[in-house]
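K.L.:
Next up, my_file04.cif (mmCIF, C-alpha atoms).
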data_coords
loop_
_atom_site.label_atom_id
_atom_site.label_comp_id
_atom_site.auth_asym_id
_atom_site.auth_seq_id
_atom_site.Cartn_x
_atom_site.Cartn_y
_atom_site.Cartn_z
CA MET A 1 102.70 80.03 107.63
CA ASP A 2 101.84 80.29 111.36
CA ASN A 3 98.95 82.64 110.53
CA LEU A 4 97.67 80.23 107.88
CA ARG A 5 97.83 77.30 110.29
CA GLY A 6 96.19 79.29 113.07
CA ALA A 7 93.42 80.51 110.74
CA ALA A 8 92.77 76.94 109.57
CA PHE A 9 92.38 75.73 113.16
CA MET A 10 90.11 78.70 113.99
CA VAL A 11 87.84 77.90 111.04
CA LEU A 12 87.82 74.23 112.08
CA ALA A 13 86.89 75.25 115.63
CA MET A 14 84.03 77.44 114.40
CA PHE A 15 82.76 74.62 112.17
CA CYS A 16 82.84 72.22 115.12
CA PHE A 17 81.09 74.69 117.44
CA THR A 18 78.34 75.12 114.84
CA LEU A 19 77.97 71.34 114.55
CA LEU A 20 77.77 71.15 118.35
CA ASP A 21 75.03 73.81 118.41
CA SER A 22 73.21 71.86 115.71
CA ALA A 23 73.43 68.61 117.70
CA ILE A 24 72.00 70.36 120.78
CA LYS A 25 69.22 71.92 118.71
CA ALA A 26 68.35 68.57 117.10
CA LEU A 27 68.34 66.74 120.44
CA SER A 28 66.25 69.46 122.08
CA GLN A 29 63.42 68.58 119.69
CA VAL A 30 63.08 65.13 121.32
CA LEU A 31 64.70 65.58 124.76
CA PRO A 32 64.61 68.24 127.47
CA VAL A 33 67.36 70.71 126.56
CA GLY A 34 68.95 70.26 130.01
CA GLN A 35 69.19 66.51 129.49
CA ALA A 36 70.71 66.96 126.03
CA VAL A 37 73.39 69.37 127.29
CA ALA A 38 74.11 67.25 130.39
CA LEU A 39 74.67 64.11 128.30
CA ILE A 40 76.90 65.81 125.73
CA SER A 41 78.83 67.66 128.44
CA THR A 42 79.41 64.41 130.36
CA GLY A 43 80.83 62.87 127.20
CA ILE A 44 83.08 65.89 126.62
CA LEU A 45 84.28 65.79 130.23
CA LEU A 46 85.14 62.06 130.07
CA LEU A 47 87.01 62.49 126.79
CA MET A 48 88.95 65.48 128.17
CA MET A 49 89.86 63.52 131.28
CA GLY A 50 91.06 60.66 129.09
CA TRP A 51 93.13 63.11 127.05
CA CYS A 52 94.73 64.46 130.24
CA VAL A 53 95.56 60.93 131.44
CA VAL A 54 97.18 60.05 128.11
CA ARG A 55 99.19 63.30 128.06
CA GLY A 56 100.15 63.03 131.72
CA THR A 57 98.29 66.24 132.60
CA PRO A 58 97.08 66.32 136.23
CA LEU A 59 93.32 65.90 136.65
CA TRP A 60 93.42 68.05 139.77
CA GLN A 61 95.04 71.43 140.32
CA PRO A 62 94.85 73.54 143.49
CA GLU A 63 94.06 76.45 141.14
CA PHE A 64 90.68 74.82 140.48
CA LEU A 65 89.58 76.46 143.73
CA ASN A 66 90.79 79.91 142.68
CA LYS A 67 87.84 82.28 142.93
CA TRP A 68 88.46 83.72 139.46
CA VAL A 69 88.64 80.25 137.91
CA LEU A 70 85.39 79.34 139.67
CA LEU A 71 83.76 82.56 138.46
CA ARG A 72 84.95 81.83 134.91
CA SER A 73 83.37 78.38 135.02
CA LEU A 74 80.12 79.79 136.41
CA SER A 75 80.07 82.22 133.49
CA GLU A 76 80.56 79.28 131.13
CA VAL A 77 77.66 77.40 132.75
CA THR A 78 75.37 80.41 132.51
CA GLY A 79 76.25 81.09 128.89
CA THR A 80 75.97 77.46 127.82
CA VAL A 81 72.59 76.89 129.50
CA LEU A 82 71.09 80.13 128.18
CA ILE A 83 72.28 79.63 124.60
CA ALA A 84 71.25 75.96 124.59
CA THR A 85 67.78 77.00 125.74
CA ALA A 86 67.68 79.67 123.05
CA LEU A 87 68.71 77.13 120.40
CA SER A 88 65.70 75.00 121.31
CA LEU A 89 63.37 77.97 120.72
CA ILE A 90 64.83 80.10 117.92
CA PRO A 91 66.60 79.40 114.61
CA LEU A 92 70.25 78.33 114.69
CA THR A 93 71.04 81.25 112.37
CA THR A 94 69.56 83.82 114.74
CA ALA A 95 71.35 82.46 117.80
CA SER A 96 74.66 82.31 115.91
CA ALA A 97 74.23 85.89 114.68
CA VAL A 98 73.82 87.11 118.27
CA ILE A 99 76.87 85.11 119.42
CA GLN A 100 78.96 86.99 116.83
CA ALA A 101 78.74 90.06 119.09
CA THR A 102 80.87 88.36 121.79
CA PRO A 103 84.21 89.91 120.67
CA LEU A 104 82.61 93.37 120.71
CA VAL A 105 81.46 92.91 124.31
CA VAL A 106 84.90 91.57 125.25
CA ALA A 107 86.56 94.63 123.69
CA MET A 108 84.20 96.94 125.58
CA GLY A 109 84.75 95.05 128.83
CA ALA A 110 88.53 95.19 128.40
CA GLY A 111 88.27 98.97 128.19
CA LEU A 112 85.89 99.34 131.12
CA PHE A 113 87.28 96.74 133.53
CA LEU A 114 90.81 95.76 132.46
CA GLY A 115 92.16 99.25 131.83
CA GLN A 116 92.77 98.68 128.11
CA SER A 117 92.84 101.87 126.06
CA ILE A 118 90.06 102.05 123.45
CA GLY A 119 90.03 104.87 120.93
CA TRP A 120 86.96 106.55 119.51
CA ARG A 121 87.09 104.43 116.34
CA ARG A 122 86.69 101.19 118.28
CA TRP A 123 84.01 102.66 120.53
CA LEU A 124 82.12 103.67 117.39
CA ALA A 125 82.56 100.17 115.91
CA ILE A 126 81.29 98.61 119.15
CA ALA A 127 78.23 100.91 119.16
CA ILE A 128 77.47 100.06 115.52
CA GLY A 129 77.85 96.35 116.32
CA PHE A 130 75.34 96.64 119.15
CA ALA A 131 72.96 98.34 116.72
CA GLY A 132 73.28 95.19 114.62
CA VAL A 133 72.24 93.11 117.65
CA LEU A 134 69.17 95.32 118.14
CA LEU A 135 68.33 94.85 114.47
CA ILE A 136 68.29 91.08 115.00
CA VAL A 137 66.38 91.17 118.29
CA ARG A 138 63.93 93.93 117.21
CA PRO A 139 62.51 94.66 120.69
CA GLY A 140 58.98 96.05 120.54
CA LEU A 141 58.65 95.50 116.79
CA ASP A 142 56.92 92.91 114.64
CA GLY A 143 58.95 89.73 114.50
CA PHE A 144 60.29 90.14 118.04
CA ASN A 145 60.80 86.78 119.74
CA PRO A 146 61.46 87.06 123.51
CA ALA A 147 63.51 83.86 123.36
CA THR A 148 66.14 85.79 121.40
CA LEU A 149 66.91 87.63 124.64
CA LEU A 150 68.12 84.29 126.04
CA ALA A 151 70.76 84.20 123.30
CA VAL A 152 71.74 87.80 124.13
CA ALA A 153 72.08 86.98 127.84
CA GLY A 154 74.07 83.85 126.99
CA MET A 155 76.37 85.87 124.74
CA LEU A 156 77.00 88.35 127.55
CA ALA A 157 77.84 85.48 129.93
CA LEU A 158 80.32 83.99 127.43
CA ALA A 159 81.88 87.42 126.96
CA SER A 160 82.32 87.58 130.76
CA ARG A 161 84.03 84.19 130.59
CA ASP A 162 86.44 85.48 127.94
CA LEU A 163 87.18 88.61 129.97
CA LEU A 164 87.89 86.53 133.06
CA THR A 165 90.17 84.30 130.97
CA ARG A 166 92.20 87.38 130.01
CA GLY A 167 92.52 88.45 133.63
CA ILE A 168 93.27 85.05 135.17
CA ASN A 169 96.92 84.46 136.10
CA VAL A 170 97.08 80.79 137.09
CA ASN A 171 99.26 77.87 136.13
CA MET A 172 96.63 75.90 134.19
CA SER A 173 96.51 74.62 130.63
CA GLY A 174 93.67 75.42 128.25
CA VAL A 175 92.46 71.82 128.52
CA GLN A 176 92.35 72.03 132.30
CA LEU A 177 90.37 75.28 132.15
CA GLY A 178 87.95 73.69 129.69
CA MET A 179 87.62 70.55 131.79
CA HIS A 180 86.92 72.62 134.91
CA ALA A 181 84.17 74.57 133.11
CA ILE A 182 82.54 71.47 131.61
CA ALA A 183 82.50 69.84 135.04
CA PHE A 184 80.26 72.73 136.14
CA VAL A 185 78.08 72.59 133.01
CA VAL A 186 76.91 69.03 133.79
CA PRO A 187 75.16 69.81 137.13
CA GLY A 188 74.06 73.19 135.73
CA SER A 189 72.24 71.44 132.89
CA ILE A 190 70.60 68.98 135.27
CA ALA A 191 69.48 71.93 137.42
CA LEU A 192 67.91 73.49 134.32
CA MET A 193 65.92 70.31 133.69
CA ILE A 194 64.72 70.25 137.30
CA PHE A 195 63.85 73.96 137.19
CA GLN A 196 61.75 73.43 134.04
CA GLY A 197 60.06 70.42 135.63
CA GLN A 198 60.98 68.15 132.74
CA PRO A 199 61.46 64.41 133.38
CA MET A 200 64.26 62.47 131.71
CA VAL A 201 63.34 60.91 128.37
CA PRO A 202 64.68 57.53 127.16
CA LEU A 203 67.06 57.85 124.22
CA THR A 204 66.84 56.02 120.92
CA ALA A 205 69.89 54.69 119.10
CA ALA A 206 69.84 57.77 116.86
CA ASP A 207 69.76 60.03 119.95
CA TRP A 208 72.78 58.25 121.43
CA LEU A 209 74.67 58.71 118.16
CA LEU A 210 73.95 62.45 118.32
CA VAL A 211 75.15 62.57 121.93
CA LEU A 212 78.36 60.71 121.09
CA GLY A 213 78.92 62.85 118.00
CA GLY A 214 78.30 66.02 120.03
CA ALA A 215 80.84 64.93 122.66
CA VAL A 216 83.54 64.18 120.08
CA ILE A 217 82.82 67.42 118.21
CA GLY A 218 82.88 69.36 121.49
CA VAL A 219 86.37 68.10 122.32
CA ALA A 220 87.51 68.85 118.77
CA SER A 221 86.16 72.40 119.18
CA TYR A 222 88.14 73.02 122.37
CA MET A 223 91.35 71.50 121.02
CA SER A 224 91.10 73.41 117.75
CA ILE A 225 90.50 76.80 119.33
CA ILE A 226 93.32 76.27 121.84
CA THR A 227 95.70 75.47 118.97
CA ALA A 228 94.43 78.43 116.95
CA THR A 229 94.90 80.96 119.75
CA ARG A 230 98.47 79.75 120.36
CA THR A 231 99.50 80.08 116.71
CA GLY A 232 100.37 83.17 114.67
CA ASN A 233 99.02 86.71 114.99
CA ALA A 234 96.08 86.82 117.39
CA GLY A 235 94.38 89.74 115.62
CA VAL A 236 94.49 88.04 112.22
CA ILE A 237 93.41 84.63 113.49
CA SER A 238 90.61 85.93 115.72
CA SER A 239 88.89 87.51 112.72
CA PHE A 240 88.23 83.99 111.41
CA ARG A 241 85.83 83.46 114.33
CA TYR A 242 83.18 84.98 112.09
CA SER A 243 83.29 81.97 109.78
CA ARG A 244 80.89 80.49 112.33
CA MET A 245 78.10 82.58 110.81
CA ILE A 246 78.70 81.11 107.36
CA PHE A 247 78.51 77.57 108.74
CA ALA A 248 75.35 78.45 110.69
CA LEU A 249 73.69 79.80 107.56
CA LEU A 250 74.56 76.68 105.57
CA ILE A 251 73.61 74.15 108.26
CA GLY A 252 70.50 76.10 109.21
CA PHE A 253 69.37 76.08 105.59
CA VAL A 254 70.23 72.46 104.78
CA VAL A 255 69.38 70.70 108.06
CA PHE A 256 66.69 72.84 109.69
CA GLY A 257 65.18 74.53 106.63
CA GLU A 258 65.83 78.02 108.01
CA ARG A 259 65.32 81.11 105.88
CA PRO A 260 66.66 84.12 107.82
CA ASP A 261 64.95 87.40 106.96
CA ALA A 262 66.70 90.48 105.61
CA ALA A 263 66.90 92.18 109.04
CA THR A 264 68.71 89.19 110.58
CA LEU A 265 71.18 89.01 107.69
CA LEU A 266 71.80 92.77 107.79
CA GLY A 267 72.27 92.70 111.56
CA ALA A 268 74.73 89.81 111.30
CA THR A 269 76.67 91.67 108.58
CA ILE A 270 76.89 94.81 110.73
CA ILE A 271 78.09 92.81 113.76
CA ILE A 272 80.71 90.92 111.76
CA THR A 273 82.03 94.05 110.03
CA SER A 274 82.26 95.93 113.33
CA GLY A 275 83.93 92.96 115.02
CA ILE A 276 86.54 92.49 112.31
CA PHE A 277 87.38 96.21 112.41
CA THR A 278 87.68 96.11 116.21
CA LEU A 279 90.02 93.08 116.10
CA TRP A 280 92.08 94.61 113.29
CA ARG A 281 92.42 97.92 115.11
CA GLU A 282 93.41 96.20 118.36
CA ALA A 283 96.06 94.10 116.58
CA ARG A 284 97.44 97.16 114.78
CA LEU A 285 97.77 99.15 118.01
CA ARG A 286 99.41 96.18 119.74
CA ARG A 287 102.00 95.91 116.98
CA ALA A 288 102.68 99.64 117.19
CA SER A 289 103.10 99.40 120.96
CA LEU A 290 105.52 96.46 120.66
CA ALA A 291 107.50 98.28 117.97
CA ALA A 292 107.77 101.39 120.15
CA ALA A 293 108.92 99.30 123.13
CA ALA A 294 111.54 97.54 121.01
CA ALA A 295 112.90 100.89 119.81
CA LEU A 296 113.62 102.05 123.35
#
Could you express the structure from this file as structure tokens?

P.N.:
Amino acid sequence: MDNLRGAAFMVLAMFCFTLLDSAIKALSQVLPVGQAVALISTGILLLMMGWCVVRGTPLWQPEFLNKWVLLRSLSEVTGTVLIATALSLIPLTTASAVIQATPLVVAMGAGLFLGQSIGWRRWLAIAIGFAGVLLIVRPGLDGFNPATLLAVAGMLALASRDLLTRGINVNMSGVQLGMHAIAFVVPGSIALMIFQGQPMVPLTAADWLLVLGGAVIGVASYMSIITATRTGNAGVISSFRYSRMIFALLIGFVVFGERPDAATLLGATIIITSGIFTLWREARLRRASLAAAAAL
């Protein structure tokens, strides 16, 4: 039952994240992407602060100044800005397919930097997954869009954020970590707008509705994924992260009229298959390790 509940919240989180990406993409057609992200992020931050006040969670923690927490938030800013920029230039489906490689990079990073043992099967799955990314990006071939590299760089930054989250040992809730990161995203988005030399654009009523909807959806995304990761078997529940690709395909088709080519679909399939195997293998080895420790 815990696994079912956790999986449901993970699917809900992925649906909300896809809606949030869609709101940013839609707004970026009429606003500078930095302005769109700054407005939505401000809304998310205010709603999170309100949530903390209602729950009695402190708005300030000394751990906010911890260098690893700061580095995590900087990784979040970098990833968010890069992916938002990519969303304004490439199809939602393509950006989402690249993002699916995040768990593979996290698994590789855990082996290289956190001392986690990775067997040859998982290394092979990671390598095959990266081949799927190359199939989507297609560097040097017909159909190559340099803007896709922004999505790749953003994915790597978000993977760094997830690795830092694993290594951080501070007394902070998931909401506080999210609030800290979003507080950095706001000025980072404004800096992007200044860097691109884009002036602020007045919003219409429809634009404001998208901003408000994006803020509410963003909070729902954070709350859902926090609940999901705290419920049931992590290996089983994490595999439902890949439902995000299904939602991206549907929304991309219905809302943006996207028709991903065969190479993009094949690359996404390879990435998802490799990622699910990697998560399954990691969960299986963790259970075996716990069972061996309990037998001692």

K.L.:
Of the candidates A:Ile182, A:Leu112, A:Ala153, A:Ala84, which shows the shortest atom-to-atom distance to Ala215 (chain A), using all atoms listed in the file?

P.N.:
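Under the stated criterion, the closest residue is A:Ile182.
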
K.L.:
Translate the PyMOL selection byres ((chain A and resi 20-24) around 8), as applied to the file shown, into an explicit residue set as a ChimeraX atom specification.

P.N.:
/A:16-19,25-28,33,36-37,84,87-88,92,210-211,213-214,217-218,251

K.L.:
Between A:Thr78, A:Thr165, A:Thr93, A:Gln35, single out the one closest to Thr148 (chain A), counting all atoms listed in the file.

P.N.:
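Selected residue with least distance to Thr148 (chain A): A:Thr93.
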
K.L.:
Can you list, as an MDAnalysis selection string, the residues that the PyMOL selection byres ((chain A and resi 201) around 9) selects here?

P.N.:
chainID A and resid 30:32 35 198:200 202:203

K.L.:
Of the residues A:Arg259, A:Thr42, A:Ala206, A:Asn169, which is the one nearest to Glu63 (chain A), using only C-alpha atoms?

P.N.:
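Residue with the minimum atom-to-atom distance to Glu63 (chain A): A:Asn169.
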
K.L.:
Could you state the separation of CA of Leu4 (chain A) and CA of Pro103 (chain A) in Å, given to one decimal place?

P.N.:
20.9 Å

K.L.:
How many Å lie between CA of Leu47 (chain A) and CA of Val219 (chain A), rounded to one decimal?

P.N.:
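We find that CA of Leu47 (chain A) and CA of Val219 (chain A) lie 7.2 Å from each other.
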
K.L.:
One decimal, Å: what's the distance from CA of Asp2 (chain A) over to CA of Ser173 (chain A), could you say?

P.N.:
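Interatomic distance, CA of Asp2 (chain A) to CA of Ser173 (chain A): 20.8 Å.
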